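Asks: Handing you this structure, nothing more for now.
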Protein chains: 2
Amino acid sequence: MPRRVTLKQVAARAGVSYQTVSKVINGKAQVSPETEARIWEAVRELGYRPHYIARSLRAQRSRLIGYSWPPSPPDQPNPILDLFLQSMFTAAEEAGYYLLCFPHHYGERQIESYRELIESARVDGFIVSSVEFDDPRLAFLMEKDYPFVAFGRSNPDWDFPYVDVDGAAGMVKVVNHLLERGHRRIAALAWPEASRVGQNRLDGYFTALQRAGIMPLDAWIARGEGRFDFGYQATLQWLDLPPDERPTAIVALNDVMAIGAMRAVQERGLRVGVDVAITGFDDYPLVQYLTPPLTSVRQPIWDIGQRIVSMLVALLEGQPLQERHVLVEPELIIRASSTGPAG
Amino acid sequence: MPRRVTLKQVAARAGVSYQTVSKVINGKAQVSPETEARIWEAVRELGYRPHYIARSLRAQRSRLIGYSWPPSPPDQPNPILDLFLQSMFTAAEEAGYYLLCFPHHYGERQIESYRELIESARVDGFIVSSVEFDDPRLAFLMEKDYPFVAFGRSNPDWDFPYVDVDGAAGMVKVVNHLLERGHRRIAALAWPEASRVGQNRLDGYFTALQRAGIMPLDAWIARGEGRFDFGYQATLQWLDLPPDERPTAIVALNDVMAIGAMRAVQERGLRVGVDVAITGFDDYPLVQYLTPPLTSVRQPIWDIGQRIVSMLVALLEGQPLQERHVLVEPELIIRASSTGPAG
DNA sequence: ACTGAATAGGCGAACGTTCGCCCGAACGTT
DNA sequence: AACGTTCGGGCGAACGTTCGCCTATTCAGT
């Protein structure tokens, strides 16, 4: 370990007190231009860099943002994590912050990790994602009055800063796209009712159908765990419906179920995109290379990460937030699974 | 912000000096059992937690591990990142460390980020992934003699601790599997020669064929950028070869190229797994749901993350490393793309 | 009763900053 | 000539720890 360069060394070289150097570096000094130049010169020559920990101790802030997320199922890793993290710590770096990542625990230990990081003064604030109804992390942070920004909404009665994707708007785009192509019998592969994100997306489905004056049959809504097998099985059942009830299009709330649906359609000898239109959600990687490529909905994740961080930084710096609640619209990516080979 | 509980408050409550409390907490005190009990009691009652920054300042170590990785191409996000990060910070937490993530920059700025983190004393060591030949990050860290562990090998003349996947061994497994099923003409979708990982995997291809006494034709090796289109185009060309030169199996160095190959085979009216066997590499998510499911090679990424962290922690704690160079074998996942529907 | 070690715990200092207060000199104002 | 102001910069203190050294008491061994 090379010996560190400290303020005192810079001060000695510049012929001033070390506190004055500190002030110059932080731009809150009243010094003559010559002295200031001498100090900067010394800083440069010695390659001085402020000791972040010492600075934090004195300033009582770590300039670290805590982030934790639940592990994904092994066969379905989170594809947007990469981009999301990159967007966040790029924005953070510009503001002089870094991201501290810590493991996600379940049950009692979950809150314990947050408490630990707060009480040991390791982080100045948190980013919370995968937010559920009545999420205990949010409850805890609100009670502690500790700064955070959530990616996702929660209990509507709680007031906290968040950024979220407007899943309903995304689903409206999907359904409208299918309606335009003449579909009237549109089935939905949905999640259990407890899923906040799922309900939000499904709302869009109902909204769009309602606007078109269509009343979906109960049989057209299948709820399951969002897996391949569920999409596959549910679709087989739909294909067995009498011709005038059988859906001509299937919207899935995520891509994996959509892929299961594709498999089912193809195994029955039908053509995806021609005989049955299928759409996914999330624009999972590789779905563009399926046969046929899958129509899906993509979240502007880079923007989301940047906004979350800039909101949190504003909070940490005591600046007022222009918007406490941000909703961003996802983008519909139209591919052959909903249009047939002609596009 | 609630007022912090400090050592002095605990000391006051326990009726000892605050330095004694510190010693008890760090287990390096000689105190009577009663006093110790009193101190712990006070700690518990007040909910004392050591101030991490103050501790770091004094101990001259941050207990933070720096990690940065290059952003993935937007259409091909890194699927193992999630698991890799989870495995690392789970291991880190157990050892009392956390992960500090920072952006990856290109050119001059890349090293600058590392220098900044070192000189501002923010991290105690680094984890470096996506290692290339003569990687400047490794050169820099070795010169600075700053602790780090790499995920991946680099210049063979450099001596540094690393964990890497034995790509050659993985490819040997793939090729042996195909040989067992009677294939003799096996083509390879490879990366450019500059790719360290690509060369490593391709070595395994040659090794396995050589052991079987097979001399691959030059025409069976196609080198490209690892994209869908490249796999697709190269495969079309192979299918145009005369019957006695035409490959009956295609091994791809990653899954995306394999998917391109599958598309080409299917468009020619041939059956993947029956007429032409195809294998991928990396076991990208969803490839198990392709039609047919893709045979691929999976890295034990959880173990890798855990080992990397435990090596780095050992380095940071001044313990000797049992192994400076760890090579782990990937696992062959056999699916229908190389065996046909019968399995 | 005297010595020497072990035991229990106190105390000063230091880690590298930032912050607020102070003070001398120079300057302009009445 | 006495006074307030501004400018330029010094100085002590504090942030919450850990570390090494010191000391007072106890106790066993001669």
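If you're wondering about the labels, chains in the structure tokens are A, B, ... by order shown, residues count from 1 in each chain, ligands from 1 in order shown.
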What's around stretch 6-18 of chain D at 7 Å? Count only C-alpha atoms (C1' of nucleotides), leave out sequence neighbours fewer than 4 positions away in its own chain, and write the answer as number ranges by chain.

Replies: A: 17, 20, 30-32, 57-58; B: 51, 54-55, 58-59

Asks: Only all heavy atoms, please: the residues just picked out, written as a short mmCIF file (atom, residue, chain, number, x, y, z; two decimals), in the first residue's frame.

Replies:
```cif
data_model
loop_
_atom_site.label_atom_id
_atom_site.label_comp_id
_atom_site.auth_asym_id
_atom_site.auth_seq_id
_atom_site.Cartn_x
_atom_site.Cartn_y
_atom_site.Cartn_z
N SER A 17 -2.03 26.59 5.81
CA SER A 17 -2.52 25.60 6.77
C SER A 17 -3.37 24.57 6.02
O SER A 17 -3.93 24.86 4.97
CB SER A 17 -3.35 26.27 7.84
OG SER A 17 -4.63 26.56 7.33
N THR A 20 -6.93 25.40 5.18
CA THR A 20 -7.14 26.29 4.04
C THR A 20 -7.19 25.48 2.74
O THR A 20 -8.00 25.76 1.86
CB THR A 20 -6.02 27.33 3.98
OG1 THR A 20 -6.02 28.06 5.19
CG2 THR A 20 -6.22 28.27 2.82
N GLN A 30 -12.03 31.93 1.01
CA GLN A 30 -11.75 33.25 0.49
C GLN A 30 -10.24 33.39 0.54
O GLN A 30 -9.68 33.67 1.59
CB GLN A 30 -12.41 34.33 1.33
CG GLN A 30 -13.42 33.77 2.30
CD GLN A 30 -14.19 34.85 3.02
OE1 GLN A 30 -14.06 36.04 2.73
NE2 GLN A 30 -15.00 34.45 3.96
N VAL A 31 -9.62 33.15 -0.58
CA VAL A 31 -8.17 33.24 -0.64
C VAL A 31 -7.78 34.04 -1.86
O VAL A 31 -8.57 34.19 -2.79
CB VAL A 31 -7.52 31.85 -0.73
CG1 VAL A 31 -7.62 31.12 0.59
CG2 VAL A 31 -8.12 31.06 -1.84
N SER A 32 -6.57 34.53 -1.84
CA SER A 32 -6.10 35.29 -2.98
C SER A 32 -5.89 34.33 -4.16
O SER A 32 -5.59 33.16 -3.96
CB SER A 32 -4.78 35.96 -2.65
OG SER A 32 -3.77 34.98 -2.48
N LEU A 57 -16.77 10.66 7.50
CA LEU A 57 -16.91 10.68 8.96
C LEU A 57 -17.27 12.08 9.43
O LEU A 57 -18.19 12.27 10.22
CB LEU A 57 -15.59 10.24 9.61
CG LEU A 57 -15.60 10.28 11.13
CD1 LEU A 57 -16.69 9.38 11.68
CD2 LEU A 57 -14.25 9.88 11.69
N ARG A 58 -16.55 13.02 8.88
CA ARG A 58 -16.79 14.39 9.30
C ARG A 58 -18.15 14.89 8.80
O ARG A 58 -18.93 15.49 9.52
CB ARG A 58 -15.67 15.26 8.73
CG ARG A 58 -15.80 16.72 8.98
CD ARG A 58 -15.75 17.01 10.47
NE ARG A 58 -16.82 17.91 10.83
CZ ARG A 58 -16.72 18.86 11.74
NH1 ARG A 58 -15.60 19.01 12.41
NH2 ARG A 58 -17.72 19.63 12.01
N HIS B 51 -20.16 2.38 14.26
CA HIS B 51 -20.20 3.31 13.14
C HIS B 51 -19.13 2.87 12.15
O HIS B 51 -17.93 2.99 12.38
CB HIS B 51 -19.92 4.72 13.63
CG HIS B 51 -20.21 5.78 12.60
ND1 HIS B 51 -19.44 5.94 11.49
CD2 HIS B 51 -21.19 6.72 12.54
CE1 HIS B 51 -19.93 6.96 10.78
NE2 HIS B 51 -20.99 7.44 11.39
N ALA B 54 -16.40 5.44 10.93
CA ALA B 54 -15.39 5.75 11.94
C ALA B 54 -14.43 4.58 12.09
O ALA B 54 -13.21 4.74 12.17
CB ALA B 54 -16.07 6.03 13.27
N ARG B 55 -15.00 3.42 12.12
CA ARG B 55 -14.18 2.22 12.22
C ARG B 55 -13.22 2.11 11.04
O ARG B 55 -12.04 1.80 11.21
CB ARG B 55 -15.13 1.01 12.24
CG ARG B 55 -14.48 -0.30 12.31
CD ARG B 55 -15.53 -1.38 12.42
NE ARG B 55 -15.82 -1.70 13.80
CZ ARG B 55 -16.57 -2.72 14.18
NH1 ARG B 55 -17.12 -3.51 13.27
NH2 ARG B 55 -16.77 -2.97 15.45
N ARG B 58 -10.28 4.61 11.22
CA ARG B 58 -9.24 4.21 12.15
C ARG B 58 -8.48 2.98 11.62
O ARG B 58 -7.26 2.91 11.65
CB ARG B 58 -9.89 3.90 13.50
CG ARG B 58 -8.96 3.36 14.52
CD ARG B 58 -7.93 4.39 14.91
NE ARG B 58 -6.62 3.79 14.94
CZ ARG B 58 -5.67 4.10 15.79
NH1 ARG B 58 -5.87 5.05 16.69
NH2 ARG B 58 -4.53 3.50 15.75
N ALA B 59 -9.23 2.02 11.13
CA ALA B 59 -8.61 0.76 10.74
C ALA B 59 -7.97 0.85 9.34
O ALA B 59 -7.31 -0.08 8.91
CB ALA B 59 -9.64 -0.36 10.77
#
```

Asks: Pull out every residue of chain C sitting within 8 Å of chain A, counting only C-alpha atoms (C1' of nucleotides), and send them as a PyMOL selection string.

Replies: chain C and resi 15-18

Asks: If you measure from atom CA of B:Val5 to atom CA of A:Leu316, what distance in Å do you get, rounded to one decimal?

Replies: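 Those two atoms sit 21.9 Å apart.
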
Asks: Determine, counting only C-alpha atoms (C1' of nucleotides), which protein, DNA and RNA residues have an atom within 12 Å of an atom of C:DA5; residues of the same chain fewer than 6 positions away are not included. Present the result as a PyMOL selection string.

Replies: chain D and resi 26-29

Asks: Residues of chain B were defined as contacting chain A if any atom lay at most 7 Å from it, counting only C-alpha atoms; please report them as a PyMOL selection string.

Replies: chain B and resi 49-54+56-57+71+75-79+81-82+86+89-90+98-103+119-122+285

Asks: Name the residues of stretch 77-314 of chain A that come out as strand (DSSP E or B) in a backbone DSSP run; write them as a PyMOL selection string.

Replies: chain A and resi 98-101+125-128+148-151+162-165+186-190+221-223+249-252+272+276-279+295-298

Asks: Go through A:Arg63, A:Arg115, A:Arg307, A:Arg223 one by one, measure the shortest atom-to-atom distance of each to A:Pro161 using only C-alpha atoms, and give the residue with the smallest value.

Replies: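 With only C-alpha atoms as the atom set, the closest residue is A:Arg307.
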
Asks: As an MDAnalysis selection string, please: all residues of stretch 61-257 of chain B that backbone DSSP puts in alpha helix (DSSP H).

Replies: chainID B and resid 81:94 108:119 136:144 167:180 196:211 228:239 255:257

Asks: Find the residues around C:DG28 up to 12 Å (only C-alpha atoms (C1' of nucleotides) counted), leave out those fewer than 3 positions away in its own chain, and share them as a list in words.

Replies: DC3, DG4, DT5 and DT6 of chain D

Asks: Include all heavy atoms and write out the residues we just selected as a PDB file, in the first residue's frame.

Replies:
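out26.pdb written:
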```pdb
ATOM      1  P    DC D   3     -13.261  54.675  18.265  1.00  0.00           P
ATOM      2  OP1  DC D   3     -14.246  54.815  19.346  1.00  0.00           O
ATOM      3  OP2  DC D   3     -12.043  53.858  18.452  1.00  0.00           O
ATOM      4  O5'  DC D   3     -14.005  54.146  16.966  1.00  0.00           O
ATOM      5  C5'  DC D   3     -15.088  54.907  16.422  1.00  0.00           C
ATOM      6  C4'  DC D   3     -15.510  54.278  15.106  1.00  0.00           C
ATOM      7  O4'  DC D   3     -14.475  54.495  14.127  1.00  0.00           O
ATOM      8  C3'  DC D   3     -15.713  52.762  15.173  1.00  0.00           C
ATOM      9  O3'  DC D   3     -17.097  52.467  15.069  1.00  0.00           O
ATOM     10  C2'  DC D   3     -14.940  52.207  13.969  1.00  0.00           C
ATOM     11  C1'  DC D   3     -14.557  53.447  13.176  1.00  0.00           C
ATOM     12  N1   DC D   3     -13.231  53.329  12.516  1.00  0.00           N
ATOM     13  C2   DC D   3     -13.180  53.303  11.121  1.00  0.00           C
ATOM     14  O2   DC D   3     -14.231  53.380  10.468  1.00  0.00           O
ATOM     15  N3   DC D   3     -11.968  53.194  10.508  1.00  0.00           N
ATOM     16  C4   DC D   3     -10.847  53.116  11.253  1.00  0.00           C
ATOM     17  N4   DC D   3      -9.682  53.019  10.605  1.00  0.00           N
ATOM     18  C5   DC D   3     -10.881  53.153  12.674  1.00  0.00           C
ATOM     19  C6   DC D   3     -12.088  53.251  13.264  1.00  0.00           C
ATOM     20  P    DG D   4     -17.533  50.972  15.444  1.00  0.00           P
ATOM     21  OP1  DG D   4     -18.844  51.054  16.126  1.00  0.00           O
ATOM     22  OP2  DG D   4     -16.402  50.242  16.065  1.00  0.00           O
ATOM     23  O5'  DG D   4     -17.764  50.383  13.983  1.00  0.00           O
ATOM     24  C5'  DG D   4     -18.956  50.696  13.287  1.00  0.00           C
ATOM     25  C4'  DG D   4     -18.797  50.372  11.818  1.00  0.00           C
ATOM     26  O4'  DG D   4     -17.456  50.704  11.387  1.00  0.00           O
ATOM     27  C3'  DG D   4     -19.015  48.894  11.476  1.00  0.00           C
ATOM     28  O3'  DG D   4     -19.822  48.827  10.318  1.00  0.00           O
ATOM     29  C2'  DG D   4     -17.601  48.370  11.209  1.00  0.00           C
ATOM     30  C1'  DG D   4     -16.901  49.610  10.662  1.00  0.00           C
ATOM     31  N9   DG D   4     -15.457  49.634  10.879  1.00  0.00           N
ATOM     32  C8   DG D   4     -14.795  49.626  12.082  1.00  0.00           C
ATOM     33  N7   DG D   4     -13.502  49.675  11.960  1.00  0.00           N
ATOM     34  C5   DG D   4     -13.280  49.724  10.583  1.00  0.00           C
ATOM     35  C6   DG D   4     -12.078  49.789   9.860  1.00  0.00           C
ATOM     36  O6   DG D   4     -10.938  49.826  10.286  1.00  0.00           O
ATOM     37  N1   DG D   4     -12.317  49.812   8.476  1.00  0.00           N
ATOM     38  C2   DG D   4     -13.561  49.781   7.892  1.00  0.00           C
ATOM     39  N2   DG D   4     -13.580  49.807   6.561  1.00  0.00           N
ATOM     40  N3   DG D   4     -14.699  49.722   8.568  1.00  0.00           N
ATOM     41  C4   DG D   4     -14.477  49.697   9.911  1.00  0.00           C
ATOM     42  P    DT D   5     -20.530  47.470   9.926  1.00  0.00           P
ATOM     43  OP1  DT D   5     -21.971  47.692   9.817  1.00  0.00           O
ATOM     44  OP2  DT D   5     -20.002  46.422  10.815  1.00  0.00           O
ATOM     45  O5'  DT D   5     -19.970  47.239   8.460  1.00  0.00           O
ATOM     46  C5'  DT D   5     -18.660  47.682   8.181  1.00  0.00           C
ATOM     47  C4'  DT D   5     -18.265  47.255   6.788  1.00  0.00           C
ATOM     48  O4'  DT D   5     -16.834  47.449   6.680  1.00  0.00           O
ATOM     49  C3'  DT D   5     -18.493  45.789   6.481  1.00  0.00           C
ATOM     50  O3'  DT D   5     -18.642  45.641   5.082  1.00  0.00           O
ATOM     51  C2'  DT D   5     -17.233  45.149   7.023  1.00  0.00           C
ATOM     52  C1'  DT D   5     -16.159  46.206   6.675  1.00  0.00           C
ATOM     53  N1   DT D   5     -15.039  46.278   7.660  1.00  0.00           N
ATOM     54  C2   DT D   5     -13.760  46.415   7.181  1.00  0.00           C
ATOM     55  O2   DT D   5     -13.500  46.492   5.999  1.00  0.00           O
ATOM     56  N3   DT D   5     -12.776  46.479   8.147  1.00  0.00           N
ATOM     57  C4   DT D   5     -12.956  46.405   9.519  1.00  0.00           C
ATOM     58  O4   DT D   5     -11.993  46.471  10.273  1.00  0.00           O
ATOM     59  C5   DT D   5     -14.311  46.253   9.953  1.00  0.00           C
ATOM     60  C7   DT D   5     -14.620  46.158  11.408  1.00  0.00           C
ATOM     61  C6   DT D   5     -15.283  46.189   9.011  1.00  0.00           C
ATOM     62  P    DT D   6     -19.318  44.337   4.486  1.00  0.00           P
ATOM     63  OP1  DT D   6     -20.256  44.754   3.418  1.00  0.00           O
ATOM     64  OP2  DT D   6     -19.759  43.451   5.588  1.00  0.00           O
ATOM     65  O5'  DT D   6     -18.049  43.684   3.768  1.00  0.00           O
ATOM     66  C5'  DT D   6     -17.397  44.418   2.715  1.00  0.00           C
ATOM     67  C4'  DT D   6     -15.955  43.953   2.601  1.00  0.00           C
ATOM     68  O4'  DT D   6     -15.269  44.146   3.853  1.00  0.00           O
ATOM     69  C3'  DT D   6     -15.788  42.473   2.257  1.00  0.00           C
ATOM     70  O3'  DT D   6     -15.249  42.388   0.950  1.00  0.00           O
ATOM     71  C2'  DT D   6     -14.842  41.941   3.317  1.00  0.00           C
ATOM     72  C1'  DT D   6     -14.214  43.214   3.880  1.00  0.00           C
ATOM     73  N1   DT D   6     -13.719  43.128   5.282  1.00  0.00           N
ATOM     74  C2   DT D   6     -12.373  43.315   5.510  1.00  0.00           C
ATOM     75  O2   DT D   6     -11.570  43.523   4.632  1.00  0.00           O
ATOM     76  N3   DT D   6     -11.997  43.246   6.829  1.00  0.00           N
ATOM     77  C4   DT D   6     -12.815  43.015   7.922  1.00  0.00           C
ATOM     78  O4   DT D   6     -12.356  42.978   9.045  1.00  0.00           O
ATOM     79  C5   DT D   6     -14.213  42.824   7.623  1.00  0.00           C
ATOM     80  C7   DT D   6     -15.188  42.545   8.716  1.00  0.00           C
ATOM     81  C6   DT D   6     -14.601  42.883   6.326  1.00  0.00           C
TER      82       DT D   6
END
```

Asks: Return the single residue from B:Ile186, B:Leu294, B:Leu217, B:Val175 that is closest to B:Thr248, with distances computed using only C-alpha atoms.

Replies: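 Selected residue with least distance to B:Thr248: B:Ile186.
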
Asks: Can you pull out the residues contacting A:Arg184? Cut-off 9 Å, using only C-alpha atoms (C1' of nucleotides), and skip same-chain residues under 2 positions away; I want them as an MDAnalysis selection string.

Replies: chainID A and resid 178:179 182 186 209 214 247:249
